[in-house]
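Pasting data00.txt here (compact mmCIF, C-alpha atoms):
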```
# COMPACT_ATOMS: atom_id res chain seq x y z
CA MET A 1 -52.13 -245.73 -74.53
CA ALA A 2 -49.67 -248.26 -75.92
CA SER A 3 -49.44 -251.80 -74.60
CA ILE A 4 -45.98 -253.38 -74.63
CA ASP A 5 -45.56 -257.14 -74.24
CA GLU A 6 -42.29 -259.04 -74.00
CA ARG A 7 -41.92 -261.82 -76.59
CA GLY A 8 -38.53 -263.23 -75.54
CA ASP A 9 -35.11 -262.94 -77.24
CA ASN A 10 -35.15 -259.16 -76.66
CA ARG A 11 -38.32 -258.82 -78.75
CA TRP A 12 -41.22 -256.59 -77.72
CA ARG A 13 -44.69 -256.32 -79.24
CA ILE A 14 -46.18 -252.82 -79.34
CA ARG A 15 -49.94 -252.38 -79.79
CA ILE A 16 -51.33 -248.86 -80.17
CA TYR A 17 -54.84 -247.63 -80.89
CA GLY A 18 -54.76 -245.82 -84.23
CA GLY A 19 -58.28 -244.45 -84.43
CA ARG A 20 -61.13 -245.75 -86.55
CA ASP A 21 -60.76 -246.93 -90.12
CA PRO A 22 -62.27 -244.25 -92.43
CA GLY A 23 -63.83 -246.91 -94.64
CA THR A 24 -65.30 -249.38 -92.17
CA GLY A 25 -65.52 -247.31 -89.01
CA LYS A 26 -63.91 -250.14 -87.07
CA LYS A 27 -61.19 -249.56 -84.49
CA ARG A 28 -57.73 -249.76 -85.96
CA TYR A 29 -54.66 -250.95 -84.04
CA ILE A 30 -51.01 -250.53 -84.96
CA VAL A 31 -48.86 -253.53 -84.09
CA GLU A 32 -45.09 -253.49 -84.36
CA THR A 33 -42.22 -255.64 -83.08
CA VAL A 34 -39.14 -253.97 -81.60
CA HIS A 35 -35.81 -255.66 -80.89
CA GLY A 36 -33.79 -254.47 -77.87
CA GLY A 37 -34.68 -253.48 -74.34
CA ARG A 38 -37.92 -252.19 -72.86
CA ARG A 39 -36.64 -248.62 -73.15
CA GLU A 40 -36.25 -248.99 -76.94
CA ALA A 41 -39.80 -250.35 -77.13
CA GLN A 42 -41.16 -247.49 -75.01
CA ARG A 43 -39.30 -244.92 -77.12
CA ARG A 44 -40.66 -246.42 -80.35
CA ALA A 45 -44.19 -246.51 -78.90
CA ARG A 46 -43.99 -242.79 -78.07
CA GLN A 47 -42.80 -242.06 -81.60
CA ILE A 48 -45.72 -243.95 -83.15
CA GLU A 49 -48.23 -242.23 -80.85
CA THR A 50 -46.82 -238.82 -81.84
CA GLN A 51 -46.99 -239.74 -85.53
CA VAL A 52 -50.58 -240.94 -85.14
CA ASP A 53 -51.56 -237.70 -83.40
CA ASP A 54 -49.88 -235.63 -86.13
CA GLY A 55 -51.36 -237.74 -88.91
CA GLY A 56 -47.89 -238.75 -90.13
CA PHE A 57 -47.90 -242.45 -89.29
CA VAL A 58 -47.65 -244.80 -92.28
CA GLU A 59 -48.61 -248.45 -92.08
CA PRO A 60 -45.58 -250.69 -92.80
CA SER A 61 -47.50 -252.41 -95.60
CA ARG A 62 -47.87 -249.04 -97.39
CA MET A 63 -44.48 -247.60 -96.50
CA THR A 64 -42.20 -246.55 -99.35
CA LEU A 65 -38.48 -247.18 -99.28
CA GLY A 66 -37.94 -243.43 -98.96
CA GLN A 67 -40.15 -243.24 -95.87
CA TYR A 68 -38.40 -246.21 -94.34
CA LEU A 69 -34.91 -244.83 -95.04
CA SER A 70 -35.83 -241.54 -93.39
CA HIS A 71 -37.16 -243.47 -90.38
CA TRP A 72 -34.00 -245.62 -90.28
CA LEU A 73 -31.73 -242.56 -90.38
CA GLU A 74 -33.54 -240.84 -87.54
CA ASN A 75 -34.20 -243.77 -85.25
CA THR A 76 -31.39 -246.25 -85.88
CA ALA A 77 -28.39 -244.92 -87.78
CA GLY A 78 -28.45 -241.61 -85.90
CA ILE A 79 -28.15 -243.45 -82.60
CA ASN A 80 -25.69 -246.22 -83.47
CA VAL A 81 -22.99 -244.54 -85.58
CA ARG A 82 -20.61 -241.66 -85.06
CA PRO A 83 -21.71 -238.16 -86.11
CA ARG A 84 -19.32 -238.00 -89.05
CA THR A 85 -20.52 -241.39 -90.31
CA PHE A 86 -24.14 -240.34 -89.83
CA LYS A 87 -23.58 -237.22 -91.94
CA TRP A 88 -22.15 -239.43 -94.68
CA TYR A 89 -25.17 -241.77 -94.45
CA GLN A 90 -27.50 -238.77 -94.76
CA GLU A 91 -25.77 -237.66 -97.96
CA ILE A 92 -26.02 -241.12 -99.49
CA VAL A 93 -29.68 -241.57 -98.54
CA ASN A 94 -30.86 -238.07 -99.49
CA LEU A 95 -28.77 -237.53 -102.63
CA HIS A 96 -28.75 -241.03 -104.14
CA LEU A 97 -31.05 -243.63 -102.61
CA ILE A 98 -34.27 -241.65 -102.11
CA PRO A 99 -34.17 -239.79 -105.47
CA ASN A 100 -33.78 -243.08 -107.36
CA LEU A 101 -35.59 -245.68 -105.25
CA GLY A 102 -37.61 -243.69 -102.72
CA ASN A 103 -41.02 -243.99 -104.42
CA ILE A 104 -40.97 -247.80 -104.50
CA GLN A 105 -43.03 -249.46 -101.78
CA LEU A 106 -40.67 -251.11 -99.32
CA LYS A 107 -42.31 -254.53 -99.65
CA GLN A 108 -42.30 -254.25 -103.45
CA LEU A 109 -38.55 -253.56 -103.75
CA GLN A 110 -36.89 -256.12 -106.04
CA PRO A 111 -33.26 -256.94 -106.94
CA THR A 112 -33.88 -255.62 -110.46
CA HIS A 113 -34.68 -252.18 -109.01
CA ILE A 114 -31.29 -252.14 -107.30
CA GLU A 115 -29.49 -253.40 -110.42
CA ARG A 116 -30.95 -250.55 -112.46
CA PHE A 117 -30.00 -248.11 -109.68
CA TYR A 118 -26.37 -249.25 -109.78
CA ALA A 119 -26.23 -248.98 -113.58
CA LYS A 120 -27.76 -245.50 -113.56
CA GLU A 121 -25.38 -244.28 -110.84
CA LEU A 122 -22.34 -245.55 -112.74
CA LYS A 123 -23.55 -243.73 -115.85
CA GLU A 124 -24.90 -240.43 -114.48
CA GLY A 125 -24.80 -240.50 -110.68
CA ARG A 126 -22.59 -237.52 -109.90
CA VAL A 127 -24.46 -234.83 -107.99
CA ASP A 128 -22.88 -232.08 -110.11
CA GLY A 129 -24.21 -233.75 -113.27
CA ASN A 130 -20.76 -234.37 -114.73
CA GLY A 131 -20.88 -238.09 -115.42
CA GLY A 132 -21.24 -241.16 -113.29
CA SER A 133 -20.31 -242.05 -109.74
CA SER A 134 -17.23 -244.20 -109.19
CA ALA A 135 -17.63 -247.94 -108.65
CA GLN A 136 -16.37 -247.50 -105.10
CA SER A 137 -19.00 -244.83 -104.38
CA VAL A 138 -21.78 -247.01 -105.79
CA GLN A 139 -20.50 -249.87 -103.65
CA HIS A 140 -20.86 -247.62 -100.58
CA TYR A 141 -24.43 -246.71 -101.61
CA GLY A 142 -25.28 -250.39 -101.81
CA ARG A 143 -23.82 -251.12 -98.39
CA VAL A 144 -25.86 -248.37 -96.75
CA LEU A 145 -29.02 -249.61 -98.47
CA SER A 146 -28.27 -253.17 -97.36
CA GLN A 147 -27.73 -252.03 -93.77
CA ALA A 148 -31.10 -250.31 -93.73
CA LEU A 149 -32.86 -253.32 -95.27
CA SER A 150 -31.20 -255.72 -92.83
CA HIS A 151 -32.61 -253.60 -90.02
CA ALA A 152 -36.05 -253.78 -91.69
CA VAL A 153 -35.78 -257.58 -91.64
CA ARG A 154 -34.87 -257.59 -87.94
CA MET A 155 -37.83 -255.32 -87.25
CA GLU A 156 -40.02 -257.77 -89.21
CA VAL A 157 -41.12 -255.03 -91.60
CA VAL A 158 -39.95 -257.10 -94.61
CA GLY A 159 -39.16 -260.76 -94.94
CA ARG A 160 -35.79 -260.54 -96.68
CA ASN A 161 -33.01 -258.16 -97.65
CA VAL A 162 -33.18 -258.09 -101.45
CA ALA A 163 -29.94 -256.05 -101.67
CA LEU A 164 -28.01 -259.19 -100.70
CA ASN A 165 -29.02 -260.76 -104.01
CA VAL A 166 -27.41 -257.99 -106.07
CA LYS A 167 -23.69 -257.85 -106.77
CA SER A 168 -22.42 -254.32 -106.37
CA PRO A 169 -19.79 -252.87 -108.74
CA ARG A 170 -16.23 -253.77 -107.83
CA PRO A 171 -13.84 -250.83 -107.91
CA LYS A 172 -10.48 -251.19 -109.58
CA ARG A 173 -7.74 -251.55 -107.04
CA THR A 174 -5.28 -248.70 -107.14
CA GLU A 175 -1.70 -249.67 -106.54
CA ILE A 176 -0.29 -248.32 -103.29
CA GLU A 177 2.89 -246.34 -103.84
CA PRO A 178 4.64 -245.98 -100.48
CA LEU A 179 7.62 -243.69 -100.04
CA THR A 180 11.14 -245.02 -100.35
CA ARG A 181 13.81 -244.23 -97.77
CA GLU A 182 14.92 -241.36 -99.99
CA GLY A 183 11.34 -240.12 -100.30
CA VAL A 184 10.89 -240.11 -96.52
CA ALA A 185 14.10 -238.08 -96.15
CA LYS A 186 12.89 -235.52 -98.71
CA LEU A 187 9.49 -235.11 -97.04
CA LEU A 188 10.93 -234.70 -93.55
CA LYS A 189 13.52 -232.21 -94.82
CA ALA A 190 10.73 -230.11 -96.37
CA ALA A 191 8.76 -230.22 -93.10
CA TYR A 192 11.70 -229.63 -90.75
CA HIS A 193 11.10 -225.96 -89.96
CA THR A 194 7.30 -226.28 -89.72
CA GLU A 195 4.95 -227.31 -86.93
CA PHE A 196 4.12 -230.42 -88.95
CA TYR A 197 7.57 -232.01 -88.73
CA TYR A 198 7.03 -234.07 -85.57
CA PRO A 199 3.56 -235.38 -86.40
CA LEU A 200 4.82 -236.48 -89.83
CA LEU A 201 7.91 -238.01 -88.22
CA VAL A 202 5.79 -240.08 -85.82
CA ALA A 203 3.43 -241.05 -88.65
CA VAL A 204 6.34 -242.45 -90.68
CA TYR A 205 7.88 -244.35 -87.78
CA THR A 206 4.65 -245.81 -86.35
CA GLY A 207 2.07 -245.98 -89.14
CA LEU A 208 -0.64 -244.46 -86.92
CA ARG A 209 -3.91 -243.31 -88.46
CA ARG A 210 -4.48 -239.56 -88.57
CA SER A 211 -7.10 -239.64 -85.80
CA GLU A 212 -4.83 -241.78 -83.60
CA LEU A 213 -1.83 -239.55 -84.19
CA LEU A 214 -3.56 -236.30 -83.24
CA ALA A 215 -5.24 -237.83 -80.18
CA LEU A 216 -1.90 -238.66 -78.53
CA THR A 217 -1.16 -236.99 -75.20
CA TRP A 218 2.08 -237.24 -73.25
CA LYS A 219 0.30 -239.66 -70.93
CA ASP A 220 0.07 -242.11 -73.85
CA VAL A 221 3.84 -242.18 -74.43
CA ASP A 222 6.49 -243.90 -72.30
CA LEU A 223 9.84 -242.79 -73.68
CA ASP A 224 11.80 -244.87 -71.14
CA ALA A 225 10.02 -248.10 -72.08
CA ARG A 226 9.89 -246.97 -75.76
CA TYR A 227 6.23 -247.39 -76.61
CA LEU A 228 3.03 -245.43 -77.12
CA SER A 229 -0.53 -246.51 -76.43
CA VAL A 230 -3.36 -246.04 -78.92
CA ASN A 231 -6.59 -245.75 -76.92
CA LYS A 232 -8.58 -243.00 -78.64
CA GLY A 233 -8.94 -240.97 -81.81
CA LEU A 234 -9.49 -237.28 -82.57
CA HIS A 235 -12.49 -236.77 -84.87
CA THR A 236 -14.02 -233.65 -86.35
CA HIS A 237 -17.80 -233.30 -86.28
CA SER A 238 -20.14 -231.25 -88.45
CA SER A 239 -19.77 -228.38 -86.00
CA GLU A 240 -16.01 -228.46 -86.74
CA GLU A 241 -15.46 -229.27 -83.08
CA GLU A 242 -12.77 -231.85 -82.40
CA ARG A 243 -13.64 -234.64 -79.97
CA TYR A 244 -11.86 -237.68 -78.60
CA GLN A 245 -13.57 -240.99 -79.28
CA PRO A 246 -12.59 -244.57 -78.42
CA PRO A 247 -11.22 -246.78 -81.21
CA LYS A 248 -13.79 -248.49 -83.42
CA THR A 249 -12.41 -251.98 -82.80
CA ASP A 250 -10.43 -253.83 -80.14
CA LYS A 251 -7.63 -254.36 -82.69
CA SER A 252 -7.23 -250.59 -83.03
CA ARG A 253 -6.57 -250.31 -79.30
CA ARG A 254 -2.91 -251.31 -79.10
CA ARG A 255 0.63 -250.64 -77.91
CA VAL A 256 3.15 -249.56 -80.55
CA SER A 257 6.88 -249.90 -79.86
CA LEU A 258 9.07 -246.92 -80.75
CA PRO A 259 12.41 -247.03 -82.59
CA LYS A 260 15.37 -245.56 -80.70
CA GLU A 261 15.86 -242.69 -83.18
CA LEU A 262 12.24 -241.64 -82.74
CA VAL A 263 12.54 -241.74 -78.95
CA LEU A 264 15.54 -239.38 -79.11
CA ALA A 265 13.59 -237.01 -81.38
CA LEU A 266 10.56 -237.03 -79.08
CA ARG A 267 12.73 -236.31 -76.03
CA HIS A 268 14.07 -233.22 -77.77
CA TYR A 269 10.55 -232.22 -78.84
CA ARG A 270 9.24 -232.59 -75.31
CA GLU A 271 12.07 -230.48 -73.91
CA THR A 272 11.22 -227.77 -76.47
CA GLN A 273 7.56 -227.82 -75.43
CA GLU A 274 8.50 -227.63 -71.75
CA ALA A 275 10.73 -224.60 -72.42
CA ILE A 276 7.91 -222.81 -74.28
CA LYS A 277 5.44 -223.54 -71.47
CA ASP A 278 7.96 -222.37 -68.88
CA ARG A 279 8.39 -219.02 -70.66
CA LEU A 280 4.60 -218.62 -70.52
CA GLY A 281 4.56 -219.42 -66.81
CA MET A 282 2.87 -222.77 -67.39
CA ALA A 283 3.78 -226.42 -66.96
CA LEU A 284 3.55 -229.21 -69.52
CA THR A 285 1.12 -231.84 -68.20
CA LEU A 286 0.60 -235.48 -69.10
CA GLY A 287 -2.84 -234.61 -70.43
CA ASP A 288 -1.52 -232.10 -72.96
CA PRO A 289 -1.82 -233.15 -76.62
CA ILE A 290 1.58 -233.94 -78.08
CA PHE A 291 0.87 -232.20 -81.38
CA ALA A 292 -0.77 -228.98 -80.20
CA ARG A 293 -0.61 -225.76 -82.21
CA ALA A 294 1.60 -222.91 -81.08
CA ASP A 295 -1.34 -221.40 -79.17
CA GLY A 296 -2.01 -224.70 -77.37
CA SER A 297 -5.09 -225.63 -79.39
CA MET A 298 -5.51 -229.02 -81.05
CA MET A 299 -4.17 -229.44 -84.56
CA HIS A 300 -7.12 -229.80 -86.96
CA PRO A 301 -6.98 -233.15 -88.84
CA ASP A 302 -7.53 -231.53 -92.24
CA SER A 303 -4.69 -229.06 -91.58
CA LEU A 304 -2.24 -231.92 -91.15
CA SER A 305 -3.48 -233.75 -94.26
CA LYS A 306 -3.25 -230.66 -96.45
CA ALA A 307 0.18 -229.78 -95.05
CA CYS A 308 1.51 -233.25 -95.81
CA SER A 309 0.37 -233.07 -99.45
CA ARG A 310 1.72 -229.54 -99.83
CA LEU A 311 5.12 -230.35 -98.31
CA ALA A 312 5.39 -233.55 -100.36
CA LYS A 313 4.77 -231.57 -103.54
CA GLN A 314 7.43 -229.05 -102.53
CA ALA A 315 9.82 -231.99 -102.09
CA GLY A 316 9.03 -233.27 -105.59
CA LEU A 317 6.86 -236.14 -104.32
CA ASP A 318 3.61 -235.72 -106.25
CA GLY A 319 0.59 -237.76 -105.20
CA VAL A 320 1.76 -238.34 -101.63
CA ARG A 321 -0.94 -238.04 -98.96
CA LEU A 322 -0.82 -238.39 -95.20
CA HIS A 323 -2.19 -241.94 -95.48
CA SER A 324 0.80 -242.75 -97.72
CA LEU A 325 2.96 -242.66 -94.59
CA ARG A 326 0.92 -245.51 -93.08
CA HIS A 327 1.55 -247.52 -96.25
CA THR A 328 5.21 -246.56 -96.05
CA GLN A 329 5.45 -248.07 -92.57
CA ALA A 330 4.07 -251.37 -93.86
CA SER A 331 6.27 -251.33 -96.97
CA LEU A 332 9.50 -250.70 -95.07
CA LEU A 333 8.72 -253.46 -92.57
CA ILE A 334 7.96 -255.89 -95.40
CA GLN A 335 11.30 -255.02 -97.01
CA GLN A 336 12.98 -255.81 -93.69
CA GLY A 337 11.34 -259.24 -93.65
CA GLU A 338 8.96 -258.58 -90.74
CA TYR A 339 6.16 -261.08 -90.09
CA THR A 340 2.73 -260.18 -91.46
CA LYS A 341 1.17 -260.74 -88.04
CA VAL A 342 3.51 -258.21 -86.44
CA ILE A 343 2.78 -255.64 -89.16
CA SER A 344 -0.97 -256.24 -88.81
CA GLU A 345 -0.88 -255.73 -85.04
CA ARG A 346 1.35 -252.67 -85.31
CA LEU A 347 -1.04 -251.00 -87.76
CA GLY A 348 -4.15 -252.05 -85.84
CA HIS A 349 -5.66 -254.02 -88.71
CA SER A 350 -8.71 -256.18 -88.06
CA SER A 351 -6.90 -259.32 -89.25
CA THR A 352 -3.70 -260.55 -90.90
CA SER A 353 -5.74 -261.49 -93.97
CA PHE A 354 -6.65 -257.81 -94.40
CA THR A 355 -2.95 -256.88 -94.21
CA GLU A 356 -2.07 -259.52 -96.81
CA ASP A 357 -4.90 -258.38 -99.06
CA VAL A 358 -3.76 -254.74 -98.99
CA TYR A 359 0.01 -255.29 -99.11
CA GLY A 360 0.31 -258.71 -100.75
CA HIS A 361 1.69 -257.24 -103.97
CA LEU A 362 4.70 -255.95 -102.01
CA MET A 363 5.64 -259.44 -100.76
CA PRO A 364 6.89 -261.44 -103.83
CA GLY A 365 10.52 -260.85 -102.83
CA MET A 366 9.82 -262.33 -99.41
CA GLU A 367 8.60 -265.56 -101.01
CA GLN A 368 11.83 -265.86 -102.98
CA ALA A 369 13.79 -265.14 -99.80
CA ALA A 370 11.96 -268.05 -98.14
CA ALA A 371 13.16 -270.37 -100.92
CA ASP A 372 16.72 -269.15 -100.45
CA LYS A 373 16.45 -269.86 -96.70
CA MET A 374 15.37 -273.42 -97.48
CA ASP A 375 18.52 -273.82 -99.57
CA ALA A 376 20.60 -272.76 -96.58
CA ALA A 377 18.64 -274.91 -94.11
CA LEU A 378 18.84 -278.12 -96.17
CA GLU A 379 22.16 -277.63 -97.93
CA GLY A 380 23.66 -280.96 -98.96
CA VAL A 381 20.55 -283.02 -98.22
CA ILE A 382 19.66 -283.77 -101.83
CA SER A 383 21.80 -286.48 -103.37
CA THR A 384 22.80 -286.04 -107.00
CA PRO A 385 23.02 -289.07 -109.32
CA ASP A 386 26.49 -290.45 -109.95
```
Rewrite the structure of this file - the entire thing - as structure tokens.
Amino acid sequence: MASIDERGDNRWRIRIYGGRDPGTGKKRYIVETVHGGRREAQRRARQIETQVDDGGFVEPSRMTLGQYLSHWLENTAGINVRPRTFKWYQEIVNLHLIPNLGNIQLKQLQPTHIERFYAKELKEGRVDGNGGSSAQSVQHYGRVLSQALSHAVRMEVVGRNVALNVKSPRPKRTEIEPLTREGVAKLLKAAYHTEFYYPLLVAVYTGLRRSELLALTWKDVDLDARYLSVNKGLHTHSSEEERYQPPKTDKSRRRVSLPKELVLALRHYRETQEAIKDRLGMALTLGDPIFARADGSMMHPDSLSKACSRLAKQAGLDGVRLHSLRHTQASLLIQQGEYTKVISERLGHSSTSFTEDVYGHLMPGMEQAAADKMDAALEGVISTPD
């Protein structure tokens, strides 16, 4: 039976009898440190005991990176991230990290191993065998590896995270091409007689993320006070089932003010929905999703994305995606001289620096406008020589 001793700072020492050493015949004990609460320590102890009974337990000193990554996926990542993110982690670990680095002993992993991994992925990393992975993809692989190794450090399995010593490839920044006023008009005209018109309209006027947009219910919108509340997102899981989830960050949870024209459009849309419900002998409730399908079911996120690209192409706007409408919101506000902080809060960005980093190239005209305002503010102050 395992003994569990508290070591302070949410650290617990597990000691489990692991049978007798085949070589010496002496009793062998497995000792491991777990960070967290007693329940986490008890759960880990049960896992080790099961592995010992099944003959599948591997001493940390002999553990390969592949064995550790599999353990990390099952016992840490699978518990602490969302299902969709976990599926993505699984693909990275099983298709890229383990095939290239899995046989290296965890404690023997060196920065040079990771450097060679990055170079190989850039050259021939595509799963279909047609060339290398993109720099952005390789950067993601490195981040997942670093997360797993940081956890290994916290668990005192290794002394340092060697991935932090390796610079990952830096992807080339692609220029954001938001829609112009004319482009927005063309897209909305193409969508007008489809079920996607109102979601695209709200996306343009608010800059909401796809998950935030489709999670809206009538309870989240106050048309009299002219605002909507972002407090959840609609996410699709591997089972293709849509589920509401809370925002990832506090900044994403926000109130977004609505322009008058959009309020008028939403009033008309709500009246249309109420009339449809009334004909079916039903009532529109505050809990109903705003952008439901004709049969009342939720609109699938991928359906909206594909429809936006298709309608944009019909309107002669090649390369426009649903996320382009979020960029359009930022671009139009920048053109109107709005403060970066206001734009950042409206879009739910983590910081104003992130907003400036993404949209800074759209702001040169604002800097010139600031100089012109200084001319107006200090007109006549500078004396000219006689």
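When all atoms listed in the file are used to measure the gap to Ala307 in chain A, the shortest distance among A:Glu356, A:Glu32, A:Glu195, A:Glu115 belongs to A:Glu195.
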(request) Rank nothing, just name the residue among A:Leu69, A:Ala215, A:Ile114, A:Leu187 nearest to Lys167 in chain A, using all atoms listed in the file. (result)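 Of the candidates, the smallest distance to Lys167 in chain A is held by A:Ile114.
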Give, as lines of an AutoDock Vina configuration file, the centre coordinates and the x, y and z edge lengths in Å to one decimal for an axis-aligned box around all listed atoms of range 197-215 of chain A, padded by 8 Å on each side.
```
center_x = 0.4
center_y = -239.0
center_z = -85.4
size_x = 31.0
size_y = 30.0
size_z = 26.5
```
(request) For CA of Asn161 in chain A and CA of Asn10 in chain A, determine how far apart the two atoms are, in Å to one decimal place. (result)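 Going from CA of Asn161 in chain A over to CA of Asn10 in chain A, I get 21.1 Å.
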(message) List the spatial neighbours of Phe196 in chain A as a VMD selection string - criterion: any atom at most 12 Å away, all atoms listed in the file, same-chain residues fewer than 4 positions off excluded.
(response) chain A and resid 187 to 192 200 to 203 213 to 214 290 to 294 299 to 301 303 to 312 322
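Note that the spacing between CA of Lys172 in chain A and CA of Tyr339 in chain A amounts to 27.5 Å.
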(request) Please identify all polymer residues within 12 Å of Glu6 in chain A, counting only C-alpha atoms, omitting same-chain residues fewer than 4 positions from it, and present them as a ChimeraX atom specification. (result) /A:10-15,33-39,41-42
(request) Compile the contact shell of Gly233 in chain A as a VMD selection string: residues with an atom at most 9 Å away, counting only C-alpha atoms, same-chain residues fewer than 2 positions apart removed. (result) chain A and resid 209 to 216 230 to 231 235 243 to 247
Keeping C-alpha atoms, export the residues of the selection given above as a PDB file, in the frame of the given file.
```
ATOM      1  CA  ARG A 209      -3.910-243.310 -88.460  1.00  0.00           C
ATOM      2  CA  ARG A 210      -4.480-239.560 -88.570  1.00  0.00           C
ATOM      3  CA  SER A 211      -7.100-239.640 -85.800  1.00  0.00           C
ATOM      4  CA  GLU A 212      -4.830-241.780 -83.600  1.00  0.00           C
ATOM      5  CA  LEU A 213      -1.830-239.550 -84.190  1.00  0.00           C
ATOM      6  CA  LEU A 214      -3.560-236.300 -83.240  1.00  0.00           C
ATOM      7  CA  ALA A 215      -5.240-237.830 -80.180  1.00  0.00           C
ATOM      8  CA  LEU A 216      -1.900-238.660 -78.530  1.00  0.00           C
ATOM      9  CA  VAL A 230      -3.360-246.040 -78.920  1.00  0.00           C
ATOM     10  CA  ASN A 231      -6.590-245.750 -76.920  1.00  0.00           C
ATOM     11  CA  HIS A 235     -12.490-236.770 -84.870  1.00  0.00           C
ATOM     12  CA  ARG A 243     -13.640-234.640 -79.970  1.00  0.00           C
ATOM     13  CA  TYR A 244     -11.860-237.680 -78.600  1.00  0.00           C
ATOM     14  CA  GLN A 245     -13.570-240.990 -79.280  1.00  0.00           C
ATOM     15  CA  PRO A 246     -12.590-244.570 -78.420  1.00  0.00           C
ATOM     16  CA  PRO A 247     -11.220-246.780 -81.210  1.00  0.00           C
TER      17      PRO A 247
END
```
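Remark: for Pro259 in chain A, the closest of the candidate residues A:Leu145, A:Leu101, A:Ala315, A:Leu228 is A:Leu228 (distances computed over all atoms listed in the file).
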(request) Could you check which of A:Leu333, A:Val381, A:Met63, A:Leu258 is closest to Ala152 in chain A, using all atoms listed in the file? (result)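 Going through A:Leu333, A:Val381, A:Met63, A:Leu258 one by one, the smallest distance to Ala152 in chain A is for A:Met63.
Of the listed residues A:Ile382, A:Leu109, A:Leu284, A:Ala330, the one whose atoms come nearest to Thr180 in chain A is A:Ala330, with distances taken using all atoms listed in the file.
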(message) Here is a test: counting all atoms listed in the file, which residue of A:Arg181, A:Lys26, A:His113, A:Arg143 is nearest to Leu332 in chain A?
(response)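 Residue with the minimum atom-to-atom distance to Leu332 in chain A: A:Arg181.
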(request) Please measure the separation of CA of Ala135 in chain A and CA of Asp357 in chain A, giving the value in Å to one decimal. (result)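 Atom-to-atom, CA of Ala135 in chain A to CA of Asp357 in chain A, that is 19.1 Å.
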(request) Tell me, as an NGL selection string, which residues lie within 12 Å of range 75-91 of chain A, counting all atoms listed in the file; anything in the same chain fewer than 4 positions away does not count. (result) :A and (34-36 or 40-41 or 43-44 or 47-48 or 68-71 or 95-99 or 127 or 137 or 140-145 or 147-152 or 155 or 234-248)
Using C-alpha atoms, can you export the residues from the last selection as an mmCIF file, keeping the file's coordinate frame?
```
data_model
loop_
_atom_site.group_PDB
_atom_site.id
_atom_site.type_symbol
_atom_site.label_atom_id
_atom_site.label_comp_id
_atom_site.auth_asym_id
_atom_site.auth_seq_id
_atom_site.Cartn_x
_atom_site.Cartn_y
_atom_site.Cartn_z
ATOM 1 C CA VAL A 34 -39.140 -253.970 -81.600
ATOM 2 C CA HIS A 35 -35.810 -255.660 -80.890
ATOM 3 C CA GLY A 36 -33.790 -254.470 -77.870
ATOM 4 C CA GLU A 40 -36.250 -248.990 -76.940
ATOM 5 C CA ALA A 41 -39.800 -250.350 -77.130
ATOM 6 C CA ARG A 43 -39.300 -244.920 -77.120
ATOM 7 C CA ARG A 44 -40.660 -246.420 -80.350
ATOM 8 C CA GLN A 47 -42.800 -242.060 -81.600
ATOM 9 C CA ILE A 48 -45.720 -243.950 -83.150
ATOM 10 C CA TYR A 68 -38.400 -246.210 -94.340
ATOM 11 C CA LEU A 69 -34.910 -244.830 -95.040
ATOM 12 C CA SER A 70 -35.830 -241.540 -93.390
ATOM 13 C CA HIS A 71 -37.160 -243.470 -90.380
ATOM 14 C CA LEU A 95 -28.770 -237.530 -102.630
ATOM 15 C CA HIS A 96 -28.750 -241.030 -104.140
ATOM 16 C CA LEU A 97 -31.050 -243.630 -102.610
ATOM 17 C CA ILE A 98 -34.270 -241.650 -102.110
ATOM 18 C CA PRO A 99 -34.170 -239.790 -105.470
ATOM 19 C CA VAL A 127 -24.460 -234.830 -107.990
ATOM 20 C CA SER A 137 -19.000 -244.830 -104.380
ATOM 21 C CA HIS A 140 -20.860 -247.620 -100.580
ATOM 22 C CA TYR A 141 -24.430 -246.710 -101.610
ATOM 23 C CA GLY A 142 -25.280 -250.390 -101.810
ATOM 24 C CA ARG A 143 -23.820 -251.120 -98.390
ATOM 25 C CA VAL A 144 -25.860 -248.370 -96.750
ATOM 26 C CA LEU A 145 -29.020 -249.610 -98.470
ATOM 27 C CA GLN A 147 -27.730 -252.030 -93.770
ATOM 28 C CA ALA A 148 -31.100 -250.310 -93.730
ATOM 29 C CA LEU A 149 -32.860 -253.320 -95.270
ATOM 30 C CA SER A 150 -31.200 -255.720 -92.830
ATOM 31 C CA HIS A 151 -32.610 -253.600 -90.020
ATOM 32 C CA ALA A 152 -36.050 -253.780 -91.690
ATOM 33 C CA MET A 155 -37.830 -255.320 -87.250
ATOM 34 C CA LEU A 234 -9.490 -237.280 -82.570
ATOM 35 C CA HIS A 235 -12.490 -236.770 -84.870
ATOM 36 C CA THR A 236 -14.020 -233.650 -86.350
ATOM 37 C CA HIS A 237 -17.800 -233.300 -86.280
ATOM 38 C CA SER A 238 -20.140 -231.250 -88.450
ATOM 39 C CA SER A 239 -19.770 -228.380 -86.000
ATOM 40 C CA GLU A 240 -16.010 -228.460 -86.740
ATOM 41 C CA GLU A 241 -15.460 -229.270 -83.080
ATOM 42 C CA GLU A 242 -12.770 -231.850 -82.400
ATOM 43 C CA ARG A 243 -13.640 -234.640 -79.970
ATOM 44 C CA TYR A 244 -11.860 -237.680 -78.600
ATOM 45 C CA GLN A 245 -13.570 -240.990 -79.280
ATOM 46 C CA PRO A 246 -12.590 -244.570 -78.420
ATOM 47 C CA PRO A 247 -11.220 -246.780 -81.210
ATOM 48 C CA LYS A 248 -13.790 -248.490 -83.420
#
```
